[in-house]
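The structure file work.pdb is reproduced below (PDB, C-alpha atoms).
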ATOM      1  CA  MET A   1     133.019  11.698 -92.614  1.00  0.00           C
ATOM      2  CA  THR A   2     135.483  13.301 -95.035  1.00  0.00           C
ATOM      3  CA  ASP A   3     135.296  15.754 -97.919  1.00  0.00           C
ATOM      4  CA  SER A   4     136.317  15.136-101.537  1.00  0.00           C
ATOM      5  CA  ASN A   5     139.984  15.631-100.546  1.00  0.00           C
ATOM      6  CA  ASP A   6     139.708  13.002 -97.769  1.00  0.00           C
ATOM      7  CA  LYS A   7     140.072  15.635 -95.039  1.00  0.00           C
ATOM      8  CA  PRO A   8     137.905  15.178 -91.940  1.00  0.00           C
ATOM      9  CA  LEU A   9     134.925  17.524 -91.931  1.00  0.00           C
ATOM     10  CA  SER A  10     134.639  20.097 -89.187  1.00  0.00           C
ATOM     11  CA  SER A  11     131.646  19.930 -86.869  1.00  0.00           C
ATOM     12  CA  SER A  12     130.031  22.824 -88.747  1.00  0.00           C
ATOM     13  CA  GLN A  13     130.580  21.159 -92.130  1.00  0.00           C
ATOM     14  CA  ARG A  14     129.164  17.883 -90.840  1.00  0.00           C
ATOM     15  CA  ALA A  15     126.153  19.701 -89.397  1.00  0.00           C
ATOM     16  CA  VAL A  16     125.502  21.386 -92.758  1.00  0.00           C
ATOM     17  CA  HIS A  17     125.783  18.087 -94.625  1.00  0.00           C
ATOM     18  CA  GLU A  18     123.587  16.081 -92.253  1.00  0.00           C
ATOM     19  CA  LEU A  19     120.894  18.712 -91.711  1.00  0.00           C
ATOM     20  CA  ARG A  20     120.718  19.361 -95.451  1.00  0.00           C
ATOM     21  CA  GLN A  21     120.258  15.648 -96.156  1.00  0.00           C
ATOM     22  CA  MET A  22     117.587  15.370 -93.470  1.00  0.00           C
ATOM     23  CA  ILE A  23     115.668  18.240 -95.081  1.00  0.00           C
ATOM     24  CA  LEU A  24     116.064  17.006 -98.667  1.00  0.00           C
ATOM     25  CA  THR A  25     114.951  13.480 -97.747  1.00  0.00           C
ATOM     26  CA  GLY A  26     112.000  14.703 -95.681  1.00  0.00           C
ATOM     27  CA  GLN A  27     113.347  13.384 -92.385  1.00  0.00           C
ATOM     28  CA  LEU A  28     112.938  16.966 -91.217  1.00  0.00           C
ATOM     29  CA  ALA A  29     109.556  17.617 -92.751  1.00  0.00           C
ATOM     30  CA  ALA A  30     108.417  20.921 -94.222  1.00  0.00           C
ATOM     31  CA  GLY A  31     106.535  23.063 -91.717  1.00  0.00           C
ATOM     32  CA  THR A  32     108.024  21.410 -88.621  1.00  0.00           C
ATOM     33  CA  ASP A  33     109.808  23.273 -85.798  1.00  0.00           C
ATOM     34  CA  HIS A  34     112.998  22.133 -84.087  1.00  0.00           C
ATOM     35  CA  LEU A  35     115.039  23.503 -81.209  1.00  0.00           C
ATOM     36  CA  GLU A  36     118.765  23.879 -81.754  1.00  0.00           C
ATOM     37  CA  SER A  37     119.337  21.719 -78.664  1.00  0.00           C
ATOM     38  CA  GLU A  38     117.164  18.969 -80.181  1.00  0.00           C
ATOM     39  CA  LEU A  39     119.094  18.998 -83.461  1.00  0.00           C
ATOM     40  CA  ALA A  40     122.433  19.125 -81.639  1.00  0.00           C
ATOM     41  CA  ALA A  41     121.513  16.090 -79.554  1.00  0.00           C
ATOM     42  CA  HIS A  42     120.410  14.204 -82.671  1.00  0.00           C
ATOM     43  CA  LEU A  43     123.710  14.970 -84.415  1.00  0.00           C
ATOM     44  CA  GLY A  44     125.811  14.345 -81.317  1.00  0.00           C
ATOM     45  CA  MET A  45     127.436  17.772 -81.245  1.00  0.00           C
ATOM     46  CA  SER A  46     127.192  21.139 -79.500  1.00  0.00           C
ATOM     47  CA  ARG A  47     124.692  23.839 -80.438  1.00  0.00           C
ATOM     48  CA  THR A  48     127.321  26.168 -81.960  1.00  0.00           C
ATOM     49  CA  PRO A  49     127.999  24.173 -85.189  1.00  0.00           C
ATOM     50  CA  VAL A  50     124.258  23.503 -85.504  1.00  0.00           C
ATOM     51  CA  ARG A  51     123.550  27.238 -85.315  1.00  0.00           C
ATOM     52  CA  GLU A  52     126.273  27.941 -87.905  1.00  0.00           C
ATOM     53  CA  ALA A  53     124.828  25.269 -90.199  1.00  0.00           C
ATOM     54  CA  ALA A  54     121.312  26.633 -89.770  1.00  0.00           C
ATOM     55  CA  LEU A  55     122.463  30.108 -90.777  1.00  0.00           C
ATOM     56  CA  LEU A  56     123.938  28.726 -94.009  1.00  0.00           C
ATOM     57  CA  LEU A  57     120.867  26.621 -94.791  1.00  0.00           C
ATOM     58  CA  GLU A  58     118.657  29.638 -94.107  1.00  0.00           C
ATOM     59  CA  SER A  59     120.553  31.528 -96.833  1.00  0.00           C
ATOM     60  CA  LYS A  60     119.694  28.680 -99.213  1.00  0.00           C
ATOM     61  CA  GLY A  61     115.985  28.934 -98.419  1.00  0.00           C
ATOM     62  CA  LEU A  62     115.673  25.569 -96.661  1.00  0.00           C
ATOM     63  CA  LEU A  63     114.796  26.792 -93.189  1.00  0.00           C
ATOM     64  CA  GLU A  64     113.989  29.866 -91.135  1.00  0.00           C
ATOM     65  CA  MET A  65     115.699  30.725 -87.858  1.00  0.00           C
ATOM     66  CA  ARG A  66     113.377  32.195 -85.238  1.00  0.00           C
ATOM     67  CA  PRO A  67     114.640  33.820 -82.023  1.00  0.00           C
ATOM     68  CA  ARG A  68     114.007  31.633 -78.959  1.00  0.00           C
ATOM     69  CA  LYS A  69     111.960  29.213 -81.091  1.00  0.00           C
ATOM     70  CA  GLY A  70     114.670  27.340 -82.957  1.00  0.00           C
ATOM     71  CA  VAL A  71     114.276  26.654 -86.669  1.00  0.00           C
ATOM     72  CA  ARG A  72     111.291  26.025 -88.930  1.00  0.00           C
ATOM     73  CA  ILE A  73     111.736  23.839 -92.010  1.00  0.00           C
ATOM     74  CA  LEU A  74     110.301  25.850 -94.878  1.00  0.00           C
ATOM     75  CA  PRO A  75     107.743  24.331 -97.254  1.00  0.00           C
ATOM     76  CA  VAL A  76     108.315  24.101-100.996  1.00  0.00           C
ATOM     77  CA  SER A  77     106.324  27.078-102.217  1.00  0.00           C
ATOM     78  CA  PRO A  78     104.952  27.302-105.779  1.00  0.00           C
ATOM     79  CA  ASP A  79     105.586  31.050-105.666  1.00  0.00           C
ATOM     80  CA  ASP A  80     109.203  30.494-104.653  1.00  0.00           C
ATOM     81  CA  MET A  81     109.606  27.991-107.469  1.00  0.00           C
ATOM     82  CA  ARG A  82     108.269  30.482-110.003  1.00  0.00           C
ATOM     83  CA  GLU A  83     110.883  33.004-108.988  1.00  0.00           C
ATOM     84  CA  ILE A  84     113.698  30.468-108.774  1.00  0.00           C
ATOM     85  CA  TYR A  85     112.917  28.902-112.150  1.00  0.00           C
ATOM     86  CA  ASP A  86     112.694  32.327-113.761  1.00  0.00           C
ATOM     87  CA  VAL A  87     116.257  33.015-112.611  1.00  0.00           C
ATOM     88  CA  LEU A  88     117.570  29.523-113.393  1.00  0.00           C
ATOM     89  CA  THR A  89     116.030  29.561-116.853  1.00  0.00           C
ATOM     90  CA  GLU A  90     117.855  32.736-117.823  1.00  0.00           C
ATOM     91  CA  LEU A  91     121.189  31.861-116.198  1.00  0.00           C
ATOM     92  CA  GLU A  92     121.381  28.271-117.443  1.00  0.00           C
ATOM     93  CA  SER A  93     120.330  29.321-120.942  1.00  0.00           C
ATOM     94  CA  LEU A  94     123.155  31.858-120.944  1.00  0.00           C
ATOM     95  CA  ALA A  95     125.534  29.127-119.788  1.00  0.00           C
ATOM     96  CA  ALA A  96     124.375  26.895-122.671  1.00  0.00           C
ATOM     97  CA  GLN A  97     125.025  29.722-125.111  1.00  0.00           C
ATOM     98  CA  ARG A  98     128.484  30.400-123.706  1.00  0.00           C
ATOM     99  CA  ALA A  99     129.341  26.690-123.718  1.00  0.00           C
ATOM    100  CA  ALA A 100     128.434  26.497-127.417  1.00  0.00           C
ATOM    101  CA  GLU A 101     130.557  29.571-128.127  1.00  0.00           C
ATOM    102  CA  ALA A 102     133.578  28.123-126.292  1.00  0.00           C
ATOM    103  CA  GLY A 103     134.504  25.602-128.987  1.00  0.00           C
ATOM    104  CA  TYR A 104     134.744  22.630-126.625  1.00  0.00           C
ATOM    105  CA  GLY A 105     136.048  19.339-127.954  1.00  0.00           C
ATOM    106  CA  PRO A 106     134.831  15.802-127.135  1.00  0.00           C
ATOM    107  CA  LYS A 107     137.044  15.476-124.040  1.00  0.00           C
ATOM    108  CA  ASP A 108     135.676  18.716-122.629  1.00  0.00           C
ATOM    109  CA  LEU A 109     132.141  17.403-123.004  1.00  0.00           C
ATOM    110  CA  THR A 110     132.790  14.005-121.421  1.00  0.00           C
ATOM    111  CA  LEU A 111     130.746  14.630-118.270  1.00  0.00           C
ATOM    112  CA  LEU A 112     127.866  16.227-120.152  1.00  0.00           C
ATOM    113  CA  THR A 113     127.779  13.246-122.518  1.00  0.00           C
ATOM    114  CA  GLU A 114     128.011  10.787-119.628  1.00  0.00           C
ATOM    115  CA  SER A 115     125.150  12.436-117.768  1.00  0.00           C
ATOM    116  CA  LEU A 116     122.898  12.068-120.811  1.00  0.00           C
ATOM    117  CA  ARG A 117     123.880   8.407-121.141  1.00  0.00           C
ATOM    118  CA  ARG A 118     122.924   7.849-117.503  1.00  0.00           C
ATOM    119  CA  MET A 119     119.555   9.524-117.963  1.00  0.00           C
ATOM    120  CA  GLU A 120     118.752   7.424-121.015  1.00  0.00           C
ATOM    121  CA  GLN A 121     119.751   4.187-119.269  1.00  0.00           C
ATOM    122  CA  ALA A 122     117.720   5.169-116.200  1.00  0.00           C
ATOM    123  CA  LEU A 123     114.553   5.658-118.248  1.00  0.00           C
ATOM    124  CA  GLU A 124     115.076   2.316-119.975  1.00  0.00           C
ATOM    125  CA  LYS A 125     114.995   0.780-116.479  1.00  0.00           C
ATOM    126  CA  ASP A 126     112.195   3.071-115.226  1.00  0.00           C
ATOM    127  CA  ASP A 127     114.561   4.238-112.479  1.00  0.00           C
ATOM    128  CA  LEU A 128     113.429   7.806-111.869  1.00  0.00           C
ATOM    129  CA  GLU A 129     115.803   8.397-108.971  1.00  0.00           C
ATOM    130  CA  ALA A 130     118.788   7.488-111.149  1.00  0.00           C
ATOM    131  CA  TRP A 131     117.346   9.700-113.881  1.00  0.00           C
ATOM    132  CA  ALA A 132     117.130  12.622-111.433  1.00  0.00           C
ATOM    133  CA  GLU A 133     120.780  12.131-110.488  1.00  0.00           C
ATOM    134  CA  GLY A 134     121.798  12.190-114.146  1.00  0.00           C
ATOM    135  CA  ASP A 135     119.630  15.236-114.777  1.00  0.00           C
ATOM    136  CA  GLU A 136     121.253  17.109-111.905  1.00  0.00           C
ATOM    137  CA  MET A 137     124.680  16.127-113.220  1.00  0.00           C
ATOM    138  CA  PHE A 138     123.783  17.486-116.677  1.00  0.00           C
ATOM    139  CA  HIS A 139     122.599  20.857-115.377  1.00  0.00           C
ATOM    140  CA  SER A 140     125.537  21.236-113.006  1.00  0.00           C
ATOM    141  CA  GLU A 141     128.054  20.479-115.738  1.00  0.00           C
ATOM    142  CA  LEU A 142     126.270  22.769-118.196  1.00  0.00           C
ATOM    143  CA  VAL A 143     126.567  25.647-115.732  1.00  0.00           C
ATOM    144  CA  ARG A 144     130.268  24.863-115.208  1.00  0.00           C
ATOM    145  CA  LEU A 145     130.923  24.793-118.948  1.00  0.00           C
ATOM    146  CA  GLY A 146     129.384  28.264-119.194  1.00  0.00           C
ATOM    147  CA  GLY A 147     132.607  29.483-117.616  1.00  0.00           C
ATOM    148  CA  ASN A 148     131.130  32.186-115.379  1.00  0.00           C
ATOM    149  CA  LYS A 149     132.001  31.696-111.699  1.00  0.00           C
ATOM    150  CA  ARG A 150     129.488  34.251-110.439  1.00  0.00           C
ATOM    151  CA  LEU A 151     126.744  32.573-112.435  1.00  0.00           C
ATOM    152  CA  GLN A 152     127.721  29.251-110.838  1.00  0.00           C
ATOM    153  CA  ASP A 153     127.593  30.793-107.360  1.00  0.00           C
ATOM    154  CA  ILE A 154     124.095  32.217-107.913  1.00  0.00           C
ATOM    155  CA  VAL A 155     122.768  28.899-109.232  1.00  0.00           C
ATOM    156  CA  SER A 156     124.301  26.999-106.296  1.00  0.00           C
ATOM    157  CA  MET A 157     122.383  29.191-103.847  1.00  0.00           C
ATOM    158  CA  MET A 158     119.062  28.000-105.257  1.00  0.00           C
ATOM    159  CA  ILE A 159     119.752  24.439-106.297  1.00  0.00           C
ATOM    160  CA  ASP A 160     118.734  22.799-102.999  1.00  0.00           C
ATOM    161  CA  GLN A 161     115.230  24.248-103.263  1.00  0.00           C
ATOM    162  CA  VAL A 162     115.001  22.862-106.799  1.00  0.00           C
ATOM    163  CA  ARG A 163     116.092  19.453-105.493  1.00  0.00           C
ATOM    164  CA  ARG A 164     113.334  19.493-102.879  1.00  0.00           C
ATOM    165  CA  ALA A 165     110.682  20.452-105.417  1.00  0.00           C
ATOM    166  CA  ARG A 166     111.828  17.773-107.844  1.00  0.00           C
ATOM    167  CA  SER A 167     112.025  15.159-105.096  1.00  0.00           C
ATOM    168  CA  SER A 168     108.470  15.856-103.967  1.00  0.00           C
ATOM    169  CA  THR A 169     107.078  15.675-107.512  1.00  0.00           C
ATOM    170  CA  LEU A 170     109.351  13.086-109.144  1.00  0.00           C
ATOM    171  CA  PHE A 171     106.881  10.210-109.057  1.00  0.00           C
ATOM    172  CA  MET A 172     103.870  12.368-109.938  1.00  0.00           C
ATOM    173  CA  ARG A 173     105.171  13.727-113.236  1.00  0.00           C
ATOM    174  CA  PRO A 174     104.987  12.075-116.663  1.00  0.00           C
ATOM    175  CA  LYS A 175     107.966   9.973-117.691  1.00  0.00           C
ATOM    176  CA  PRO A 176     110.580  12.604-118.691  1.00  0.00           C
ATOM    177  CA  LEU A 177     111.202  11.442-122.259  1.00  0.00           C
ATOM    178  CA  LYS A 178     110.875  15.003-123.568  1.00  0.00           C
ATOM    179  CA  SER A 179     113.479  16.167-121.064  1.00  0.00           C
ATOM    180  CA  ASN A 180     116.024  13.673-122.408  1.00  0.00           C
ATOM    181  CA  GLU A 181     115.262  14.777-125.966  1.00  0.00           C
ATOM    182  CA  ASP A 182     115.891  18.402-124.970  1.00  0.00           C
ATOM    183  CA  HIS A 183     119.210  17.456-123.386  1.00  0.00           C
ATOM    184  CA  ARG A 184     120.280  15.652-126.544  1.00  0.00           C
ATOM    185  CA  VAL A 185     119.512  18.728-128.654  1.00  0.00           C
ATOM    186  CA  VAL A 186     121.366  21.063-126.289  1.00  0.00           C
ATOM    187  CA  LEU A 187     124.406  18.787-126.164  1.00  0.00           C
ATOM    188  CA  GLN A 188     124.539  18.515-129.959  1.00  0.00           C
ATOM    189  CA  ALA A 189     124.149  22.285-130.314  1.00  0.00           C
ATOM    190  CA  ILE A 190     127.133  22.775-128.005  1.00  0.00           C
ATOM    191  CA  ARG A 191     129.166  20.261-130.017  1.00  0.00           C
ATOM    192  CA  ASP A 192     128.221  22.084-133.222  1.00  0.00           C
ATOM    193  CA  GLY A 193     128.897  25.526-131.803  1.00  0.00           C
ATOM    194  CA  ASN A 194     125.284  26.551-132.420  1.00  0.00           C
ATOM    195  CA  ALA A 195     124.893  29.077-129.599  1.00  0.00           C
ATOM    196  CA  ASP A 196     121.422  30.299-130.598  1.00  0.00           C
ATOM    197  CA  LEU A 197     119.964  26.795-130.625  1.00  0.00           C
ATOM    198  CA  ALA A 198     121.698  25.810-127.373  1.00  0.00           C
ATOM    199  CA  ARG A 199     120.251  28.838-125.616  1.00  0.00           C
ATOM    200  CA  SER A 200     116.749  28.718-127.073  1.00  0.00           C
ATOM    201  CA  ARG A 201     116.229  24.979-126.599  1.00  0.00           C
ATOM    202  CA  HIS A 202     117.501  25.055-123.016  1.00  0.00           C
ATOM    203  CA  HIS A 203     115.293  28.038-122.254  1.00  0.00           C
ATOM    204  CA  GLN A 204     112.280  26.140-123.590  1.00  0.00           C
ATOM    205  CA  HIS A 205     113.311  23.055-121.609  1.00  0.00           C
ATOM    206  CA  ARG A 206     113.534  24.908-118.287  1.00  0.00           C
ATOM    207  CA  GLN A 207     110.279  26.743-118.915  1.00  0.00           C
ATOM    208  CA  GLN A 208     108.446  23.471-119.512  1.00  0.00           C
ATOM    209  CA  ALA A 209     110.000  21.937-116.379  1.00  0.00           C
ATOM    210  CA  LYS A 210     108.856  24.965-114.377  1.00  0.00           C
ATOM    211  CA  ASP A 211     105.280  24.586-115.631  1.00  0.00           C
ATOM    212  CA  VAL A 212     105.161  20.888-114.731  1.00  0.00           C
ATOM    213  CA  ILE A 213     106.620  21.270-111.242  1.00  0.00           C
ATOM    214  CA  ILE A 214     104.517  24.294-110.285  1.00  0.00           C
ATOM    215  CA  SER A 215     101.337  22.613-111.500  1.00  0.00           C
ATOM    216  CA  LEU A 216     102.082  19.556-109.362  1.00  0.00           C
ATOM    217  CA  LEU A 217     103.042  21.621-106.316  1.00  0.00           C
ATOM    218  CA  GLU A 218      99.807  23.599-106.534  1.00  0.00           C
ATOM    219  CA  LYS A 219      97.716  20.431-106.781  1.00  0.00           C
ATOM    220  CA  HIS A 220      99.614  18.915-103.871  1.00  0.00           C
ATOM    221  CA  ARG A 221      99.123  22.049-101.766  1.00  0.00           C
ATOM    222  CA  LEU A 222      95.375  22.007-102.494  1.00  0.00           C
ATOM    223  CA  ARG A 223      95.159  18.425-101.310  1.00  0.00           C
ATOM    224  CA  GLN A 224      96.825  19.402 -98.056  1.00  0.00           C
ATOM    225  CA  LEU A 225      94.284  22.154 -97.240  1.00  0.00           C
TER     226      LEU A 225
END
Here is the file; what I need is its structure written in the form of structure tokens.
Amino acid sequence: MTDSNDKPLSSSQRAVHELRQMILTGQLAAGTDHLESELAAHLGMSRTPVREAALLLESKGLLEMRPRKGVRILPVSPDDMREIYDVLTELESLAAQRAAEAGYGPKDLTLLTESLRRMEQALEKDDLEAWAEGDEMFHSELVRLGGNKRLQDIVSMMIDQVRRARSSTLFMRPKPLKSNEDHRVVLQAIRDGNADLARSRHHQHRQQAKDVIISLLEKHRLRQL
């Protein structure tokens, strides 16, 4: 396995990548406990890189390390999502405002435009997984265009928990036609340099997404009791 620069990943980097994927895909299910030795054997490596990876994933809210008991995969909590979406809503809305103020040209907005195209094509094919990939691309690029590195770092700390929540609710939610409409408005506002509209529409968009996801998580949690 290599990184984006075709350099071999270290054992710790590989452990982070593989454990993260196992959590996001549900292979390591929420609420389950795992010994470091068990995970190390599964990954074919020593316990040290597994422990280092677990520490990083703990900081991202995906698991909890417990002395002498290994790690527990944390559930997707509606309360956690409320807090995370409150932060994301404000930070991403600020990024949308700053992107509109930056005076970007068409070339600068290529990836944002492409992500919207992918989302629209995905819905035409009823491919929700492809839509989710395009949606993630849109939000990631929007944050980058905001031009604030610290803002990007804060968002990146929480994004894996958002991915898990979206993954667990993706096929329960209504078809996200309204989401695509919101993205179109935000993109056009950035093209037009309309910072107020870019910020307000994105804020509304994230707030609505929060309401949908939390409602579904709460219903799902009730069914599990």
Would you compute the box with edges along x, y and z of the file around stretch 152-171 of chain A, including every atom the file lists for it and 5 Å extra on each side, and give its centre and edge lengths in Å to one decimal, as AutoDock Vina command-line options?
--center_x 117.3 --center_y 21.2 --center_z -106.9 --size_x 30.8 --size_y 32.0 --size_z 18.0
Decode the PyMOL selection byres ((chain A and resi 179) around 12) for the given file into explicit residues and return them as an NGL selection string.
-> :A and (116 or 119-120 or 123 or 131-132 or 134-135 or 138-139 or 173-178 or 180-186 or 201-202 or 204-210 or 212)
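The space separating atom CA of A:Asn148 from atom CA of A:Ile84 comes to 18.7 Å.
Shortest separation to A:Leu151 among A:Ala102, A:Ala130, A:Leu88, A:Ala165 occurs at residue A:Leu88, atoms counted being all atoms listed in the file.
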Kindly resolve the PyMOL selection byres ((chain A and resi 31-36) around 12) on the present coordinates and return the residues as a PyMOL selection string.
-> chain A and resi 15+19+23+26-30+37-55+62-77
Output C-alpha atoms for every residue in the selection just made, as a PDB file, in the frame of the given file.
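Produced file again-v5.pdb, reproduced below:
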ATOM      1  CA  ALA A  15     126.153  19.701 -89.397  1.00  0.00           C
ATOM      2  CA  LEU A  19     120.894  18.712 -91.711  1.00  0.00           C
ATOM      3  CA  ILE A  23     115.668  18.240 -95.081  1.00  0.00           C
ATOM      4  CA  GLY A  26     112.000  14.703 -95.681  1.00  0.00           C
ATOM      5  CA  GLN A  27     113.347  13.384 -92.385  1.00  0.00           C
ATOM      6  CA  LEU A  28     112.938  16.966 -91.217  1.00  0.00           C
ATOM      7  CA  ALA A  29     109.556  17.617 -92.751  1.00  0.00           C
ATOM      8  CA  ALA A  30     108.417  20.921 -94.222  1.00  0.00           C
ATOM      9  CA  SER A  37     119.337  21.719 -78.664  1.00  0.00           C
ATOM     10  CA  GLU A  38     117.164  18.969 -80.181  1.00  0.00           C
ATOM     11  CA  LEU A  39     119.094  18.998 -83.461  1.00  0.00           C
ATOM     12  CA  ALA A  40     122.433  19.125 -81.639  1.00  0.00           C
ATOM     13  CA  ALA A  41     121.513  16.090 -79.554  1.00  0.00           C
ATOM     14  CA  HIS A  42     120.410  14.204 -82.671  1.00  0.00           C
ATOM     15  CA  LEU A  43     123.710  14.970 -84.415  1.00  0.00           C
ATOM     16  CA  GLY A  44     125.811  14.345 -81.317  1.00  0.00           C
ATOM     17  CA  MET A  45     127.436  17.772 -81.245  1.00  0.00           C
ATOM     18  CA  SER A  46     127.192  21.139 -79.500  1.00  0.00           C
ATOM     19  CA  ARG A  47     124.692  23.839 -80.438  1.00  0.00           C
ATOM     20  CA  THR A  48     127.321  26.168 -81.960  1.00  0.00           C
ATOM     21  CA  PRO A  49     127.999  24.173 -85.189  1.00  0.00           C
ATOM     22  CA  VAL A  50     124.258  23.503 -85.504  1.00  0.00           C
ATOM     23  CA  ARG A  51     123.550  27.238 -85.315  1.00  0.00           C
ATOM     24  CA  GLU A  52     126.273  27.941 -87.905  1.00  0.00           C
ATOM     25  CA  ALA A  53     124.828  25.269 -90.199  1.00  0.00           C
ATOM     26  CA  ALA A  54     121.312  26.633 -89.770  1.00  0.00           C
ATOM     27  CA  LEU A  55     122.463  30.108 -90.777  1.00  0.00           C
ATOM     28  CA  LEU A  62     115.673  25.569 -96.661  1.00  0.00           C
ATOM     29  CA  LEU A  63     114.796  26.792 -93.189  1.00  0.00           C
ATOM     30  CA  GLU A  64     113.989  29.866 -91.135  1.00  0.00           C
ATOM     31  CA  MET A  65     115.699  30.725 -87.858  1.00  0.00           C
ATOM     32  CA  ARG A  66     113.377  32.195 -85.238  1.00  0.00           C
ATOM     33  CA  PRO A  67     114.640  33.820 -82.023  1.00  0.00           C
ATOM     34  CA  ARG A  68     114.007  31.633 -78.959  1.00  0.00           C
ATOM     35  CA  LYS A  69     111.960  29.213 -81.091  1.00  0.00           C
ATOM     36  CA  GLY A  70     114.670  27.340 -82.957  1.00  0.00           C
ATOM     37  CA  VAL A  71     114.276  26.654 -86.669  1.00  0.00           C
ATOM     38  CA  ARG A  72     111.291  26.025 -88.930  1.00  0.00           C
ATOM     39  CA  ILE A  73     111.736  23.839 -92.010  1.00  0.00           C
ATOM     40  CA  LEU A  74     110.301  25.850 -94.878  1.00  0.00           C
ATOM     41  CA  PRO A  75     107.743  24.331 -97.254  1.00  0.00           C
ATOM     42  CA  VAL A  76     108.315  24.101-100.996  1.00  0.00           C
ATOM     43  CA  SER A  77     106.324  27.078-102.217  1.00  0.00           C
TER      44      SER A  77
END
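Going from atom CA of A:Val143 to atom CA of A:Arg164 covers 19.4 Å.
Using all atoms listed in the file, the contacts of A:Asp108 at a cut-off of 10 Å, with sequence neighbours closer than 4 positions omitted, comprise Gly103, Tyr104, Leu112, Thr113, Leu145 and Arg191 of chain A.
Each of A:Gln97, A:Thr169, A:Ser215, A:Ser115 was checked against A:Ile190 using only C-alpha atoms; the smallest atom-to-atom distance is that of A:Gln97.
If you look at atom CA of A:Gln161 and atom CA of A:Ser140, they are 14.5 Å away from each other.
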Using all atoms listed in the file, which of A:Leu142, A:Val162, A:Leu128, A:Leu57 sits nearest A:Glu92?
-> A:Leu142
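Minimum atom-to-atom distances from A:Val16, A:Val155, A:Ala122, A:Leu24 to A:Ser93 were compared using all atoms listed in the file, and the lowest value belongs to A:Val155.
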